[in-house]
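> See upload_1.tsv below, with TSV, C-alpha atoms.
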chain	number	residue	atom	x	y	z
A	1	MET	CA	110.73	127.05	123.22
A	2	TYR	CA	109.15	124.27	121.14
A	3	THR	CA	105.68	125.23	122.38
A	4	LYS	CA	106.16	128.84	121.29
A	5	ARG	CA	107.23	127.68	117.84
A	6	TYR	CA	104.09	125.59	117.44
A	7	LEU	CA	101.82	128.43	118.52
A	8	SER	CA	103.65	130.87	116.24
A	9	LEU	CA	103.09	128.54	113.29
A	10	ILE	CA	99.33	128.37	113.97
A	11	LEU	CA	99.13	132.17	114.24
A	12	LEU	CA	100.99	132.52	110.95
A	13	LEU	CA	98.55	130.14	109.25
A	14	ALA	CA	95.63	132.17	110.62
A	15	VAL	CA	97.10	135.40	109.21
A	16	VAL	CA	97.66	133.79	105.80
A	17	ILE	CA	94.11	132.46	105.73
A	18	GLY	CA	92.66	135.83	106.73
A	19	ALA	CA	94.64	137.65	104.06
A	20	ALA	CA	93.81	135.19	101.31
A	21	ALA	CA	90.10	134.81	102.04
A	22	GLN	CA	88.96	138.33	101.18
A	23	GLU	CA	87.35	137.48	97.84
A	24	ARG	CA	85.65	134.53	96.20
A	25	LYS	CA	87.88	132.15	94.21
A	26	VAL	CA	87.46	128.97	92.22
A	27	GLN	CA	87.06	126.04	94.61
A	28	ASN	CA	89.39	123.06	94.44
A	29	LYS	CA	87.86	119.63	95.10
A	30	PRO	CA	84.36	121.10	95.61
A	31	TYR	CA	82.65	117.78	96.44
A	32	ILE	CA	85.31	116.13	98.60
A	33	ASP	CA	83.46	116.86	101.87
A	34	LEU	CA	80.21	115.29	100.59
A	35	ARG	CA	81.59	111.75	100.65
A	36	PRO	CA	80.18	109.76	103.61
A	37	LEU	CA	83.55	108.15	104.38
A	38	HIS	CA	87.06	109.06	103.29
A	39	PHE	CA	90.59	108.12	104.27
A	40	GLY	CA	94.03	109.69	104.48
A	41	ILE	CA	97.49	109.51	105.97
A	42	LEU	CA	99.20	111.70	108.57
A	43	VAL	CA	102.71	112.69	109.54
A	44	GLY	CA	103.80	115.11	112.21
A	45	THR	CA	105.85	115.95	115.25
A	46	HIS	CA	105.04	116.15	118.93
A	47	LEU	CA	106.36	117.23	122.33
A	48	GLN	CA	106.15	114.96	125.38
A	49	ASP	CA	106.12	115.96	129.04
A	50	ILE	CA	105.05	114.40	132.31
A	51	GLU	CA	103.80	115.84	135.61
A	52	LEU	CA	105.27	114.04	138.64
A	53	GLN	CA	104.15	114.17	142.27
A	54	ASN	CA	107.10	113.62	144.62
A	55	VAL	CA	106.69	111.78	147.92
A	56	GLY	CA	109.39	113.75	149.79
A	57	PRO	CA	111.42	112.06	152.58
A	58	GLN	CA	111.28	108.25	152.53
A	59	LEU	CA	112.79	105.49	154.66
A	60	VAL	CA	115.22	103.38	152.61
A	61	THR	CA	116.87	100.07	153.50
A	62	ASP	CA	120.22	99.35	151.80
A	63	GLU	CA	121.75	95.98	150.88
A	64	ASP	CA	123.24	95.60	154.36
A	65	GLY	CA	119.86	96.06	156.02
A	66	ASN	CA	120.60	99.57	157.31
A	67	ALA	CA	117.64	101.97	157.34
A	68	MET	CA	118.14	105.61	156.44
A	69	GLU	CA	116.04	108.57	155.34
A	70	GLN	CA	116.46	109.90	151.80
A	71	THR	CA	114.84	112.72	149.89
A	72	ILE	CA	114.92	112.43	146.11
A	73	LEU	CA	113.27	115.03	143.87
A	74	THR	CA	112.22	113.76	140.46
A	75	GLU	CA	111.13	116.04	137.64
A	76	ALA	CA	110.79	116.20	133.87
A	77	ASP	CA	113.02	119.16	133.07
A	78	ARG	CA	112.01	119.78	129.46
A	79	TRP	CA	109.57	119.00	126.66
A	80	ASN	CA	111.03	116.27	124.46
A	81	PRO	CA	110.35	116.23	120.68
A	82	GLY	CA	109.34	113.13	118.71
A	83	ILE	CA	107.73	112.06	115.44
A	84	SER	CA	104.26	110.73	114.61
A	85	VAL	CA	102.87	108.72	111.67
A	86	GLY	CA	99.46	107.20	111.10
A	87	VAL	CA	96.30	106.87	109.04
A	88	LEU	CA	92.91	108.61	109.04
A	89	ALA	CA	89.31	107.49	108.62
A	90	ASP	CA	86.69	110.27	108.57
A	91	LEU	CA	82.93	109.59	108.79
A	92	ARG	CA	80.65	112.47	107.75
A	93	LEU	CA	77.78	112.99	110.21
A	94	THR	CA	76.42	116.39	109.12
A	95	ASN	CA	77.59	119.30	106.99
A	96	HIS	CA	79.71	120.58	109.87
A	97	LEU	CA	80.33	117.52	112.05
A	98	SER	CA	82.37	114.38	111.43
A	99	LEU	CA	83.69	111.45	113.45
A	100	ARG	CA	87.39	110.64	113.02
A	101	PHE	CA	89.50	107.61	113.85
A	102	THR	CA	93.25	108.19	113.52
A	103	PRO	CA	95.46	105.23	114.57
A	104	THR	CA	98.92	106.73	115.10
A	105	MET	CA	102.38	105.71	116.26
A	106	HIS	CA	104.32	108.23	118.36
A	107	PHE	CA	108.07	107.74	118.72
A	108	GLY	CA	109.64	109.79	121.51
A	109	ALA	CA	110.89	109.98	125.08
A	110	LYS	CA	110.55	111.90	128.35
A	111	HIS	CA	113.67	113.26	130.06
A	112	LEU	CA	113.75	112.84	133.86
A	113	THR	CA	116.17	114.34	136.38
A	114	PHE	CA	116.70	112.87	139.86
A	115	THR	CA	118.16	115.12	142.58
A	116	ASN	CA	119.23	113.22	145.70
A	117	LEU	CA	119.19	115.80	148.50
A	118	SER	CA	120.57	113.22	150.94
A	119	ASP	CA	123.67	112.39	148.89
A	120	ARG	CA	126.11	115.25	148.25
A	121	ASP	CA	129.37	115.54	146.32
A	122	GLU	CA	132.70	117.11	147.31
A	123	GLN	CA	131.29	120.63	146.73
A	124	ASP	CA	128.30	119.83	149.00
A	125	ARG	CA	125.92	119.81	146.02
A	126	PRO	CA	123.13	117.23	145.71
A	127	ARG	CA	124.03	114.42	143.33
A	128	ARG	CA	121.99	114.31	140.15
A	129	SER	CA	121.24	111.60	137.62
A	130	THR	CA	119.05	111.48	134.53
A	131	GLN	CA	116.89	109.01	132.66
A	132	ASP	CA	115.48	109.04	129.13
A	133	LEU	CA	112.10	107.40	129.51
A	134	LYS	CA	111.79	106.15	125.94
A	135	ASN	CA	108.41	105.13	124.57
A	136	THR	CA	106.69	104.03	121.40
A	137	TYR	CA	102.98	104.70	121.66
A	138	ILE	CA	100.20	103.25	119.57
A	139	SER	CA	97.35	105.72	119.97
A	140	LEU	CA	93.76	105.01	118.91
A	141	PRO	CA	91.99	108.38	119.18
A	142	ILE	CA	88.30	108.84	118.40
A	143	ASP	CA	87.48	112.52	117.84
A	144	LEU	CA	84.61	114.77	116.84
A	145	LYS	CA	85.53	117.44	114.30
A	146	PHE	CA	83.37	120.56	114.09
A	147	ALA	CA	84.12	122.57	110.95
A	148	ALA	CA	83.08	126.09	110.01
A	149	PRO	CA	81.50	126.77	106.59
A	150	ARG	CA	83.98	126.53	103.75
A	151	TRP	CA	85.30	129.80	102.34
A	152	ASN	CA	87.13	129.51	99.03
A	153	ASN	CA	89.74	126.79	99.67
A	154	TYR	CA	89.93	127.09	103.45
A	155	ARG	CA	87.85	125.63	106.27
A	156	PRO	CA	88.93	126.02	109.94
A	157	TYR	CA	87.70	123.60	112.56
A	158	LEU	CA	87.81	122.56	116.21
A	159	MET	CA	88.20	118.99	117.44
A	160	GLY	CA	88.12	116.99	120.66
A	161	GLY	CA	87.98	113.41	121.82
A	162	ILE	CA	89.41	110.48	123.76
A	163	ASN	CA	92.79	108.92	122.99
A	164	PRO	CA	93.59	105.42	124.37
A	165	MET	CA	97.33	104.70	124.12
A	166	ILE	CA	99.49	101.56	124.40
A	167	ASN	CA	103.22	101.82	125.16
A	168	LEU	CA	105.29	99.23	123.28
A	169	THR	CA	108.69	100.25	124.71
A	170	GLN	CA	109.55	99.54	128.34
A	171	ASN	CA	112.80	98.89	130.19
A	172	ASP	CA	112.30	96.82	133.35
A	173	GLN	CA	115.45	98.30	134.93
A	174	ASP	CA	114.67	101.99	134.45
A	175	ASN	CA	114.32	104.04	137.62
A	176	ILE	CA	110.79	105.08	136.66
A	177	GLN	CA	108.41	103.08	134.53
A	178	LEU	CA	104.93	103.91	133.25
A	179	LYS	CA	101.95	101.62	132.83
A	180	ARG	CA	101.54	99.76	129.57
A	181	SER	CA	98.32	101.65	128.74
A	182	ASP	CA	97.02	105.18	129.24
A	183	VAL	CA	93.98	107.24	128.26
A	184	MET	CA	94.19	110.90	127.25
A	185	VAL	CA	91.67	113.60	126.53
A	186	GLU	CA	92.57	115.79	123.58
A	187	VAL	CA	91.39	119.10	122.13
A	188	GLY	CA	92.74	121.07	119.20
A	189	LEU	CA	92.20	123.20	116.14
A	190	GLY	CA	93.16	123.06	112.50
A	191	CYS	CA	92.27	124.12	108.99
A	192	ASP	CA	91.41	122.26	105.77
A	193	PHE	CA	93.38	123.50	102.76
A	194	TYR	CA	91.77	122.41	99.48
A	195	LEU	CA	94.54	121.95	96.93
A	196	PRO	CA	94.02	120.98	93.26
A	197	PHE	CA	94.74	117.25	93.79
A	198	PHE	CA	94.27	116.61	97.52
A	199	LYS	CA	93.32	118.21	100.84
A	200	LEU	CA	96.07	119.26	103.27
A	201	ILE	CA	95.11	119.65	106.94
A	202	PRO	CA	97.53	121.08	109.52
A	203	GLU	CA	96.31	120.53	113.08
A	204	LEU	CA	97.56	121.39	116.55
A	205	LYS	CA	96.17	119.47	119.50
A	206	PHE	CA	96.83	119.19	123.24
A	207	CYS	CA	96.63	115.82	125.03
A	208	TYR	CA	96.45	115.24	128.79
A	209	SER	CA	96.30	111.96	130.71
A	210	LEU	CA	93.06	111.31	132.58
A	211	GLY	CA	94.56	109.07	135.26
A	212	ASP	CA	97.72	108.01	137.04
A	213	ALA	CA	100.17	106.61	134.47
A	214	LEU	CA	102.81	105.49	136.99
A	215	ASP	CA	103.60	101.77	137.41
A	216	HIS	CA	103.60	101.47	141.22
A	217	SER	CA	104.79	97.85	141.21
A	218	HIS	CA	107.96	98.64	139.28
A	219	ALA	CA	110.20	99.21	142.34
A	220	ASP	CA	109.87	95.56	143.41
A	221	GLN	CA	111.13	94.41	139.99
A	222	LEU	CA	114.44	96.30	140.16
A	223	ARG	CA	117.45	94.03	140.66
A	224	ASP	CA	119.55	96.90	142.09
A	225	ILE	CA	118.08	97.55	145.54
A	226	ASN	CA	119.80	100.96	145.70
A	227	ARG	CA	117.69	102.18	142.80
A	228	ARG	CA	114.39	101.43	144.45
A	229	ALA	CA	114.50	104.75	146.27
A	230	PHE	CA	114.37	106.49	142.86
A	231	ALA	CA	111.40	104.38	141.76
A	232	ASN	CA	109.57	105.16	145.03
A	233	SER	CA	110.33	108.88	144.91
A	234	VAL	CA	107.18	109.54	142.85
A	235	SER	CA	103.59	108.82	143.90
A	236	ARG	CA	101.74	109.91	140.76
A	237	ALA	CA	102.46	110.69	137.11
A	238	GLN	CA	100.32	112.27	134.40
A	239	THR	CA	101.55	112.46	130.81
A	240	LYS	CA	101.09	115.39	128.43
A	241	MET	CA	101.61	115.87	124.71
A	242	ILE	CA	101.43	118.68	122.17
A	243	VAL	CA	100.97	117.24	118.68
A	244	LEU	CA	101.39	119.07	115.36
A	245	THR	CA	99.96	116.90	112.57
A	246	PHE	CA	99.67	117.21	108.79
A	247	TYR	CA	96.85	115.14	107.24
A	248	PHE	CA	96.71	114.30	103.52
A	249	GLU	CA	93.28	113.34	102.16
Starting from the file, give its structure as structure tokens.

Amino acid sequence: MYTKRYLSLILLLAVVIGAAAQERKVQNKPYIDLRPLHFGILVGTHLQDIELQNVGPQLVTDEDGNAMEQTILTEADRWNPGISVGVLADLRLTNHLSLRFTPTMHFGAKHLTFTNLSDRDEQDRPRRSTQDLKNTYISLPIDLKFAAPRWNNYRPYLMGGINPMINLTQNDQDNIQLKRSDVMVEVGLGCDFYLPFFKLIPELKFCYSLGDALDHSHADQLRDINRRAFANSVSRAQTKMIVLTFYFE
């Protein structure tokens, strides 16, 4: 549902731009793109998700030393919204190409559901439990921005780059824990709106982890031995984000 709202917003912006850009108008801030280096701030919202690879049946030893087979299915059952704030540095390379550095903090969480197929309730249904995998990311993306020629006070663009991320929030006793650092690839699109006193830039980008983000040593750190089966139920995790950002330059 959140993804459809983001895409609908981008389509609406495209329709507005197409309708407004039919005739030449007076340009606001006509020389702002000629500066070799300029700065700005950003605020926005994002959606977090994670792809998990389950291991299936596993042999579990309880506190009494008894071995048994358990099957626990772990999944992220929804996209979770969060907020983003940061700053922007933009280096002009050519008339259409620039290099951007946008240190950002993302505050959010991922919602996980654990279904224990080997443990059933009175109605013979698998027992379920949940976990909010909270995180505070510092992201340090370096992107290339390719912009079309300016028309009136609008200039659409495409962007892409690499986004190293550091997670500042971790709970050692969560069922699942991610690594402290991650690296994402990101691609997106946006449009520069030249207003009388500043430039407003809405942007939608998609981020996807390049490697395994799961902390495989976490199970050994859990004090509750019965929860280790949940930590070992997943063999691989890859994080995903959809980020809607508003830049002010």
> Between A:Lys25, A:Phe193, A:Cys207, A:Asn171, which has the minimum distance to A:Ile50 (counting only C-alpha atoms)?
A:Cys207
> So that I can check the surroundings of A:Asn153, please list as a list of chain:residue names every protein, DNA and RNA residue that reaches within 8 Å of it, counting all atoms listed in the file and ignoring chain neighbours fewer than 3 positions away.
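Those residues are A:Lys25, A:Gln27, A:Asn28, A:Arg150, A:Asp192, A:Phe193, A:Tyr194, A:Leu195.
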> Go ahead and find all residues with at least one atom no further than 10 Å from (90.6, 115.4, 98.5) in the file's coordinates, using only C-alpha atoms; report them as a list in words.
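Returned residue set, sorted by chain then number, is Asn28, Lys29, Pro30, Tyr31, Ile32, Asp33, Arg35, His38, Phe39, Gly40, Phe193, Tyr194, Leu195, Pro196, Phe197, Phe198, Lys199, Leu200, Phe248 and Glu249 of chain A.
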> How close does stretch 9-127 of chain A get to stretch 218-230 of chain A? List, as a Markdown table, each residue of stretch 9-127 of chain A within 12 Å, its nearest atom pair and the distance in Å to one decimal, counting all atoms listed in the file.

| residue | atom | partner | partner_atom | distance |
| --- | --- | --- | --- | --- |
| A:Asn54 | CA | A:Phe230 | CA | 10.3 |
| A:Val55 | CA | A:Phe230 | CA | 10.6 |
| A:Gly56 | CA | A:Ala229 | CA | 10.9 |
| A:Pro57 | CA | A:Ala229 | CA | 10.1 |
| A:Gln58 | CA | A:Ala229 | CA | 7.9 |
| A:Leu59 | CA | A:Ala229 | CA | 8.6 |
| A:Val60 | CA | A:Ala229 | CA | 6.5 |
| A:Thr61 | CA | A:Asn226 | CA | 8.4 |
| A:Asp62 | CA | A:Asn226 | CA | 6.3 |
| A:Glu63 | CA | A:Ile225 | CA | 6.7 |
| A:Asp64 | CA | A:Ile225 | CA | 10.4 |
| A:Gly65 | CA | A:Ile225 | CA | 10.7 |
| A:Asn66 | CA | A:Asn226 | CA | 11.7 |
| A:Ala67 | CA | A:Ala229 | CA | 11.8 |
| A:Met68 | CA | A:Ala229 | CA | 10.8 |
| A:Glu69 | CA | A:Ala229 | CA | 10.0 |
| A:Gln70 | CA | A:Ala229 | CA | 7.8 |
| A:Thr71 | CA | A:Ala229 | CA | 8.8 |
| A:Ile72 | CA | A:Phe230 | CA | 6.8 |
| A:Leu73 | CA | A:Phe230 | CA | 8.7 |
| A:Thr74 | CA | A:Phe230 | CA | 8.0 |
| A:Glu75 | CA | A:Phe230 | CA | 11.4 |
| A:Leu112 | CA | A:Phe230 | CA | 11.0 |
| A:Thr113 | CA | A:Phe230 | CA | 10.3 |
| A:Phe114 | CA | A:Phe230 | CA | 7.4 |
| A:Thr115 | CA | A:Phe230 | CA | 9.4 |
| A:Asn116 | CA | A:Phe230 | CA | 8.8 |
| A:Leu117 | CA | A:Phe230 | CA | 11.9 |
| A:Ser118 | CA | A:Ala229 | CA | 11.4 |
> Give me, as a ChimeraX atom specification, all polymer residues having an atom no more than 7 Å from stretch 99-101 of chain A, counting all atoms listed in the file and skipping those fewer than 6 positions away in the same chain.
/A:88-93,141-145
> Nearest residue to A:Val243 out of A:Asp212, A:Asp119, A:Asp174, A:Glu186, using all atoms listed in the file?
A:Glu186
> So which one's closest to A:Ala231, A:Gln131, A:Ser84, A:Thr136, A:Thr169? Using all atoms listed in the file, please.
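Selected residue with least distance to A:Ala231: A:Gln131.
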> How many Å lie between atom CA of A:Asp182 and atom CA of A:Ile242, rounded to one decimal?
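One can read the atom CA of A:Asp182 to atom CA of A:Ile242 distance as 15.9 Å.
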> Just how far from atom CA of A:Lys240 is atom CA of A:Phe206, in Å to one decimal?
7.7 Å
> Please indicate the distance in Å from atom CA of A:Phe146 to atom CA of A:Lys205, rounded to one decimal place.
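Atom CA of A:Lys205 lies at a distance of 13.9 Å from atom CA of A:Phe146.
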> Point out the residue among A:Gln53, A:Asn152, A:Ser139, A:Asn163 with the least atom-to-atom distance to A:Leu214, counting all atoms listed in the file.
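For A:Leu214, the nearest of the candidates is A:Gln53.
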> Between A:Pro36, A:Asp215, A:Cys191, A:Pro81, which residue has the minimum interatomic distance to A:Tyr154, considering all atoms listed in the file?
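Once distances to A:Tyr154 are computed over all atoms listed in the file, the minimum belongs to A:Cys191.
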> Since the input is missing atoms for stretch 22-46 of chain A, could you rebuild it with N, CA and C atoms and give the result as an mmCIF file, in the frame of the given file?

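Written file, out-v1.cif:
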data_model
loop_
_atom_site.group_PDB
_atom_site.id
_atom_site.type_symbol
_atom_site.label_atom_id
_atom_site.label_comp_id
_atom_site.auth_asym_id
_atom_site.auth_seq_id
_atom_site.Cartn_x
_atom_site.Cartn_y
_atom_site.Cartn_z
ATOM 1 N N GLN A 22 89.704 137.083 101.286
ATOM 2 C CA GLN A 22 88.960 138.330 101.180
ATOM 3 C C GLN A 22 88.016 138.370 99.992
ATOM 4 N N GLU A 23 88.217 137.494 99.003
ATOM 5 C CA GLU A 23 87.350 137.480 97.840
ATOM 6 C C GLU A 23 87.111 136.050 97.390
ATOM 7 N N ARG A 24 86.014 135.853 96.673
ATOM 8 C CA ARG A 24 85.650 134.530 96.200
ATOM 9 C C ARG A 24 86.623 134.058 95.126
ATOM 10 N N LYS A 25 86.987 132.752 95.198
ATOM 11 C CA LYS A 25 87.880 132.150 94.210
ATOM 12 C C LYS A 25 87.303 130.822 93.762
ATOM 13 N N VAL A 26 87.880 130.273 92.701
ATOM 14 C CA VAL A 26 87.460 128.970 92.220
ATOM 15 C C VAL A 26 87.802 127.913 93.256
ATOM 16 N N GLN A 27 86.847 127.042 93.581
ATOM 17 C CA GLN A 27 87.060 126.040 94.610
ATOM 18 C C GLN A 27 87.721 124.795 94.046
ATOM 19 N N ASN A 28 88.777 124.352 94.751
ATOM 20 C CA ASN A 28 89.390 123.060 94.440
ATOM 21 C C ASN A 28 88.622 121.951 95.149
ATOM 22 N N LYS A 29 88.515 120.792 94.500
ATOM 23 C CA LYS A 29 87.860 119.630 95.100
ATOM 24 C C LYS A 29 86.524 120.024 95.755
ATOM 25 N N PRO A 30 85.575 120.557 94.996
ATOM 26 C CA PRO A 30 84.360 121.100 95.610
ATOM 27 C C PRO A 30 83.455 120.073 96.273
ATOM 28 N N TYR A 31 83.563 118.797 95.901
ATOM 29 C CA TYR A 31 82.650 117.780 96.440
ATOM 30 C C TYR A 31 83.332 116.815 97.408
ATOM 31 N N ILE A 32 84.576 117.092 97.784
ATOM 32 C CA ILE A 32 85.310 116.130 98.600
ATOM 33 C C ILE A 32 84.682 115.931 99.980
ATOM 34 N N ASP A 33 84.045 116.971 100.532
ATOM 35 C CA ASP A 33 83.460 116.860 101.870
ATOM 36 C C ASP A 33 82.082 116.204 101.858
ATOM 37 N N LEU A 34 81.522 115.921 100.677
ATOM 38 C CA LEU A 34 80.210 115.290 100.590
ATOM 39 C C LEU A 34 80.282 113.772 100.655
ATOM 40 N N ARG A 35 81.460 113.208 100.557
ATOM 41 C CA ARG A 35 81.590 111.750 100.650
ATOM 42 C C ARG A 35 81.282 111.293 102.078
ATOM 43 N N PRO A 36 80.530 110.212 102.249
ATOM 44 C CA PRO A 36 80.180 109.760 103.610
ATOM 45 C C PRO A 36 81.386 109.248 104.397
ATOM 46 N N LEU A 37 82.383 108.689 103.699
ATOM 47 C CA LEU A 37 83.550 108.150 104.380
ATOM 48 C C LEU A 37 84.781 108.362 103.496
ATOM 49 N N HIS A 38 85.823 108.905 104.055
ATOM 50 C CA HIS A 38 87.060 109.060 103.290
ATOM 51 C C HIS A 38 88.261 108.822 104.202
ATOM 52 N N PHE A 39 89.402 108.567 103.556
ATOM 53 C CA PHE A 39 90.590 108.120 104.270
ATOM 54 C C PHE A 39 91.768 109.025 103.918
ATOM 55 N N GLY A 40 92.833 108.904 104.718
ATOM 56 C CA GLY A 40 94.030 109.690 104.480
ATOM 57 C C GLY A 40 95.196 109.148 105.284
ATOM 58 N N ILE A 41 96.305 109.841 105.191
ATOM 59 C CA ILE A 41 97.490 109.510 105.970
ATOM 60 C C ILE A 41 97.911 110.753 106.756
ATOM 61 N N LEU A 42 98.740 110.562 107.764
ATOM 62 C CA LEU A 42 99.200 111.700 108.570
ATOM 63 C C LEU A 42 100.656 111.518 108.952
ATOM 64 N N VAL A 43 101.344 112.628 109.018
ATOM 65 C CA VAL A 43 102.710 112.690 109.540
ATOM 66 C C VAL A 43 102.787 113.939 110.415
ATOM 67 N N GLY A 44 103.704 113.937 111.360
ATOM 68 C CA GLY A 44 103.800 115.110 112.210
ATOM 69 C C GLY A 44 104.901 114.986 113.236
ATOM 70 N N THR A 45 104.890 115.915 114.151
ATOM 71 C CA THR A 45 105.850 115.950 115.250
ATOM 72 C C THR A 45 105.091 116.226 116.539
ATOM 73 N N HIS A 46 105.715 115.932 117.651
ATOM 74 C CA HIS A 46 105.040 116.150 118.930
ATOM 75 C C HIS A 46 106.067 116.465 120.013
#
